[in-house]
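What follows is one structure encoded as structure tokens, with my remarks underneath.
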Amino acid sequence: MTEIHAYEGAPEAEFRDYVALLKPRVMSLVVFTAFVGLLVAPVPVHPFIAVCSVLFIALGGGASGALNMWYDADIDAVMKRTQSRPIPAGRVEPGEALAIGIALSIIAVTMLGLAANWFAAAFLAFTIFFYAVVYTIWLKRWTPQNIVIGGAAGAFPPMIGWACATGGVSIESLLMFALIFFWTPPHFWALALFMKEDYHKAGVPMLTVTHGRAVTRRHIFAYTLVLAPFAIWLGLTPVGGPIYLATAVVLNALFIAGGWRIMRRDEGRAVADGYKVEKQVFRLSLYYLFLHFLALLVQHWAGAW
Ligand code: HEM
Ligand SMILES: CC(C)=CCC/C(C)=C/CC/C(C)=C/COP(=O)(O)OP(=O)(O)O
């Protein structure tokens, strides 16, 4: 069957294509931050409610990924990195992705409201809207500040987790937001430095395309500097403690050093060595965020301040 369809130019969707539509790899870190936000909150949550809440946040994140892939199919078809995604590869119909995205969003928000509370559910709905509409439909194709403002969507999940437990917002949850918000630009721009041609071809106004690599390099370093105080400040709040603080100090020193190396790099050298440093810093960015939230979790179990 599959072969016949492939022969006709319309390959059949497999289960893994529907999974890919939900951007599972990126969402794993998003969901982990939500999980930590929920767990370190000062209000204990019944384990069953906690598991359900994280599951529905994950579902909402996945749904927003499907909506993003639906709208971005034209861009994804042009970029090498994204060409083999289910819609540009012709394995999933755009309308099908849109329907899945809307249906899963409604299910996720409703179920989170029933399982946790309606404030958290409304927050999840807003986050899906922010990623799918504000970032994907509006900002991404319009301004090089797209990922700075749009990055807020990726920074909300720990606040949603915290809201599931407490029904509200606090300085700790705002600082978790700030940690991801100011981390997103260096995370993404490090990647954009070695993927610039893709965005150029697709006509996406990423900073590397509109302002060039030198400006992007300076922006990366500046954001690592802005980020560090928020990471440390979080360690001084009631969810912090020596384990988290020690982790934050080491990781921020490494990240600032990475940003500095990126800023000081000569473009010719970078091309010659295949953007080695930029790739290292992108990888470091993933460890940076994961380890900050892991440290919060360990600190919680070890006893916070
Ligand atoms: C507007 C904000 C963001 C932009 C533009 C962005 C962009 C990207 C891009 C283009 C990749 C390349 C690899 C891929 O396609 O999988 C990537 C990878 C990744 N991002 Fe982000 N990102 C953003 C925010 C976030 C957030 C908030 C998280 C998690 C909290 C995150 C976690 C990850 C992870 C885990 C990967 C590696 C995925 C893999 O293993 O392939 N990103 N990001
Ligand atoms: C709970 C919930 C609703 C979470 C949403 C979290 C969120 C907004 C994560 C950002 C993830 C992400 C891959 C952005 C990539 O930008 P892109 O879409 O431009 O990247 P691409 O080029 O890989 O498609």
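Chain labels run A, B, ... following the order of the structure tokens; each chain numbers its residues from 1, and ligands are numbered from 1 in the order shown.
For Tyr244 (chain A), the list of residues within 10 Å, based on only C-alpha atoms and with local chain neighbours fewer than 4 positions off taken out, reads Ala231, Ile232, Leu234, Gly235, Leu236, Val239, Gly240, Ala248, Val249, Leu291, His292, Phe293, Leu294, Ala295, Leu296, Leu297, Val298, Gln299, His300 and Ala304 of chain A.
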Kindly work out which residues sit at most 7 Å from ligand 2, using only C-alpha atoms and all ligand atoms, and give the list as a PDB file with N, CA and C atoms, in the first residue's frame.
```pdb
ATOM      1  N   VAL A  26      11.440  18.913  21.162  1.00  0.00           N
ATOM      2  CA  VAL A  26      11.460  20.244  21.771  1.00  0.00           C
ATOM      3  C   VAL A  26      10.494  20.269  22.959  1.00  0.00           C
ATOM      4  N   MET A  27       9.329  19.669  22.774  1.00  0.00           N
ATOM      5  CA  MET A  27       8.313  19.730  23.823  1.00  0.00           C
ATOM      6  C   MET A  27       8.739  18.971  25.087  1.00  0.00           C
ATOM      7  N   VAL A  30      10.118  21.508  27.285  1.00  0.00           N
ATOM      8  CA  VAL A  30       9.019  22.389  27.685  1.00  0.00           C
ATOM      9  C   VAL A  30       8.226  21.730  28.823  1.00  0.00           C
ATOM     10  N   ILE A  57      -0.653  19.453  29.840  1.00  0.00           N
ATOM     11  CA  ILE A  57       0.228  20.541  29.361  1.00  0.00           C
ATOM     12  C   ILE A  57       1.023  20.028  28.150  1.00  0.00           C
ATOM     13  N   ALA A  58       1.496  18.773  28.246  1.00  0.00           N
ATOM     14  CA  ALA A  58       2.243  18.173  27.125  1.00  0.00           C
ATOM     15  C   ALA A  58       1.369  18.104  25.880  1.00  0.00           C
ATOM     16  N   GLY A  60      -1.177  20.000  25.183  1.00  0.00           N
ATOM     17  CA  GLY A  60      -1.364  21.376  24.687  1.00  0.00           C
ATOM     18  C   GLY A  60      -0.126  21.846  23.925  1.00  0.00           C
ATOM     19  N   GLY A  61       1.050  21.519  24.459  1.00  0.00           N
ATOM     20  CA  GLY A  61       2.293  21.874  23.769  1.00  0.00           C
ATOM     21  C   GLY A  61       2.348  21.193  22.410  1.00  0.00           C
ATOM     22  N   SER A  64       0.037  22.810  19.954  1.00  0.00           N
ATOM     23  CA  SER A  64       0.550  24.075  19.401  1.00  0.00           C
ATOM     24  C   SER A  64       1.627  23.793  18.358  1.00  0.00           C
ATOM     25  N   ASN A  68       1.596  25.055  14.546  1.00  0.00           N
ATOM     26  CA  ASN A  68       2.771  25.711  13.975  1.00  0.00           C
ATOM     27  C   ASN A  68       3.174  25.033  12.659  1.00  0.00           C
ATOM     28  N   MET A  69       3.149  23.714  12.633  1.00  0.00           N
ATOM     29  CA  MET A  69       3.552  23.002  11.404  1.00  0.00           C
ATOM     30  C   MET A  69       2.535  23.211  10.283  1.00  0.00           C
ATOM     31  N   ASP A  72       3.263  26.824   9.050  1.00  0.00           N
ATOM     32  CA  ASP A  72       4.623  27.004   8.531  1.00  0.00           C
ATOM     33  C   ASP A  72       4.991  26.040   7.414  1.00  0.00           C
ATOM     34  N   ASP A  76       8.711  25.415   5.921  1.00  0.00           N
ATOM     35  CA  ASP A  76       9.364  24.130   6.201  1.00  0.00           C
ATOM     36  C   ASP A  76       9.760  23.406   4.911  1.00  0.00           C
ATOM     37  N   THR A  82      13.956  21.229   7.748  1.00  0.00           N
ATOM     38  CA  THR A  82      12.554  20.907   8.035  1.00  0.00           C
ATOM     39  C   THR A  82      11.808  20.261   6.859  1.00  0.00           C
ATOM     40  N   LEU A 124      -2.836  27.934  29.819  1.00  0.00           N
ATOM     41  CA  LEU A 124      -2.420  27.007  28.754  1.00  0.00           C
ATOM     42  C   LEU A 124      -3.008  27.460  27.415  1.00  0.00           C
ATOM     43  N   THR A 127      -1.115  30.325  26.134  1.00  0.00           N
ATOM     44  CA  THR A 127       0.217  29.934  25.646  1.00  0.00           C
ATOM     45  C   THR A 127       0.132  29.314  24.254  1.00  0.00           C
ATOM     46  N   ILE A 128      -0.866  28.461  24.054  1.00  0.00           N
ATOM     47  CA  ILE A 128      -1.070  27.859  22.724  1.00  0.00           C
ATOM     48  C   ILE A 128      -1.330  28.969  21.703  1.00  0.00           C
ATOM     49  N   TYR A 131       1.911  30.918  20.925  1.00  0.00           N
ATOM     50  CA  TYR A 131       2.859  30.233  20.019  1.00  0.00           C
ATOM     51  C   TYR A 131       2.275  30.135  18.609  1.00  0.00           C
ATOM     52  N   THR A 136       3.869  32.327  15.511  1.00  0.00           N
ATOM     53  CA  THR A 136       3.935  31.675  14.193  1.00  0.00           C
ATOM     54  C   THR A 136       3.296  32.516  13.090  1.00  0.00           C
ATOM     55  N   LYS A 140       6.808  35.769  13.439  1.00  0.00           N
ATOM     56  CA  LYS A 140       7.901  35.035  12.780  1.00  0.00           C
ATOM     57  C   LYS A 140       8.243  35.578  11.397  1.00  0.00           C
ATOM     58  N   GLY A 151       9.354  34.098  22.176  1.00  0.00           N
ATOM     59  CA  GLY A 151       9.954  33.203  23.164  1.00  0.00           C
ATOM     60  C   GLY A 151       9.142  33.150  24.450  1.00  0.00           C
ATOM     61  N   ALA A 153       6.173  32.438  24.777  1.00  0.00           N
ATOM     62  CA  ALA A 153       5.316  31.238  24.759  1.00  0.00           C
ATOM     63  C   ALA A 153       6.043  30.050  25.388  1.00  0.00           C
ATOM     64  N   GLY A 154       7.313  29.911  25.034  1.00  0.00           N
ATOM     65  CA  GLY A 154       8.086  28.794  25.574  1.00  0.00           C
ATOM     66  C   GLY A 154       8.449  28.976  27.036  1.00  0.00           C
ATOM     67  N   PRO A 157       5.337  27.707  30.273  1.00  0.00           N
ATOM     68  CA  PRO A 157       5.020  26.407  30.886  1.00  0.00           C
ATOM     69  C   PRO A 157       5.352  26.222  32.371  1.00  0.00           C
TER      70      PRO A 157
END
```
Give as number ranges by chain the residues surrounding ligand 1 up to a distance of 9 Å, considering only C-alpha atoms and all ligand atoms.
A: 23-33, 81-82, 131, 135, 140, 146-157, 180-181, 183-185, 187-189, 191-192, 195, 282-283, 285-287, 289-290
Which one is closest to Ala253 (chain A): A:Leu193, A:Ile137, A:Met159, A:Leu225? Count only C-alpha atoms.
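The answer is A:Leu225, which sits nearest to Ala253 (chain A).
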May I have the residues within 12 Å of His211 (chain A) as JSON, numbers by chain, using only C-alpha atoms and disregarding those fewer than 6 positions away in the same chain?
{"A": [143, 144, 145, 193, 196, 200, 205, 217, 218, 219]}
Contacts of region 254-262 of chain A at 10 Å (only C-alpha atoms; same-chain gap of 2+ positions) as a PyMOL selection string:
chain A and resi 183+186+190+193+214+216-228+248-252+264-267+270+275+277-278+280-282+284-285+288
What does the distance between CA of Arg91 (chain A) and CA of Leu59 (chain A) come to in Å, to one decimal place?
21.5 Å
I need the residues of region 72-232 of chain A that end up classed as helix (DSSP H, G or I) by DSSP on the backbone, written out as a PyMOL selection string.
chain A and resi 73-78+80-82+94-115+118-139+146-155+157-166+171-202+207-210+212-232
Could you check which of A:Ala125, A:Val43, A:Val92, A:Ile75 is closest to Ala63 (chain A), using only C-alpha atoms?
A:Ala125
Just want the 9 Å neighbourhood of region 46-51 of chain A, counted on only C-alpha atoms, with same-chain residues fewer than 6 positions away dropped. Output as a PyMOL selection string.
chain A and resi 35+38-39+115-116+161+164-165
Dump all heavy atoms for the selected residues as a short mmCIF file (atom, residue, chain, number, x, y, z; two decimals), in the first residue's frame?
```cif
data_model
loop_
_atom_site.label_atom_id
_atom_site.label_comp_id
_atom_site.auth_asym_id
_atom_site.auth_seq_id
_atom_site.Cartn_x
_atom_site.Cartn_y
_atom_site.Cartn_z
N PHE A 35 6.69 20.54 34.59
CA PHE A 35 6.67 19.54 35.67
C PHE A 35 7.39 20.08 36.91
O PHE A 35 6.90 19.99 38.03
CB PHE A 35 7.34 18.26 35.14
CG PHE A 35 7.64 17.23 36.17
CD1 PHE A 35 6.61 16.50 36.77
CD2 PHE A 35 8.95 16.95 36.55
CE1 PHE A 35 6.89 15.54 37.72
CE2 PHE A 35 9.23 15.99 37.50
CZ PHE A 35 8.20 15.28 38.10
N LEU A 38 5.45 22.81 38.66
CA LEU A 38 4.35 22.26 39.46
C LEU A 38 4.86 21.67 40.76
O LEU A 38 4.29 21.86 41.83
CB LEU A 38 3.63 21.18 38.63
CG LEU A 38 2.37 20.56 39.22
CD1 LEU A 38 1.41 20.17 38.09
CD2 LEU A 38 2.65 19.34 40.06
N LEU A 39 5.99 20.96 40.66
CA LEU A 39 6.47 20.21 41.83
C LEU A 39 7.10 21.09 42.91
O LEU A 39 6.98 20.79 44.09
CB LEU A 39 7.48 19.16 41.36
CG LEU A 39 7.20 17.80 41.97
CD1 LEU A 39 5.96 17.20 41.35
CD2 LEU A 39 8.40 16.88 41.77
N ALA A 115 -8.89 18.88 35.72
CA ALA A 115 -7.93 18.18 36.59
C ALA A 115 -7.30 19.12 37.62
O ALA A 115 -7.14 18.74 38.79
CB ALA A 115 -6.84 17.54 35.75
N ALA A 116 -6.93 20.34 37.18
CA ALA A 116 -6.22 21.25 38.09
C ALA A 116 -7.13 22.43 38.45
O ALA A 116 -7.84 22.37 39.45
CB ALA A 116 -4.93 21.73 37.44
N GLY A 161 2.65 25.21 35.23
CA GLY A 161 2.82 24.16 36.23
C GLY A 161 2.59 24.70 37.63
O GLY A 161 1.85 24.13 38.44
N CYS A 164 -0.98 25.33 38.26
CA CYS A 164 -1.76 24.11 38.52
C CYS A 164 -1.79 23.82 40.02
O CYS A 164 -2.78 23.38 40.57
CB CYS A 164 -1.12 22.89 37.82
SG CYS A 164 -1.39 22.89 36.04
N ALA A 165 -0.64 24.07 40.68
CA ALA A 165 -0.55 23.77 42.11
C ALA A 165 -1.15 24.88 42.97
O ALA A 165 -1.85 24.60 43.95
CB ALA A 165 0.92 23.56 42.49
#
```
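Pairwise distance (CA of Ile171 (chain A), CA of Pro242 (chain A)) equals 18.8 Å.
If you measure from each of A:Glu197, A:Leu67, A:Gly203, A:Pro238 to Leu104 (chain A) using only C-alpha atoms, the closest one turns out to be A:Leu67.
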Fewer than 6 positions away in the same chain doesn't count, so skip those; otherwise give me all residues within 9 Å of region 87-89 of chain A, counting only C-alpha atoms, as a VMD selection string.
chain A and resid 10 to 11 17 21 69 to 70 73 to 78 97
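Between CA of Thr247 (chain A) and CA of Val169 (chain A) there is a distance of 24.8 Å.
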Using only C-alpha atoms, which residue out of A:Ala202, A:Pro229, A:Gly95, A:Ala121 lies closest to Phe182 (chain A)?
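Going through A:Ala202, A:Pro229, A:Gly95, A:Ala121 one by one, the smallest distance to Phe182 (chain A) is for A:Pro229.
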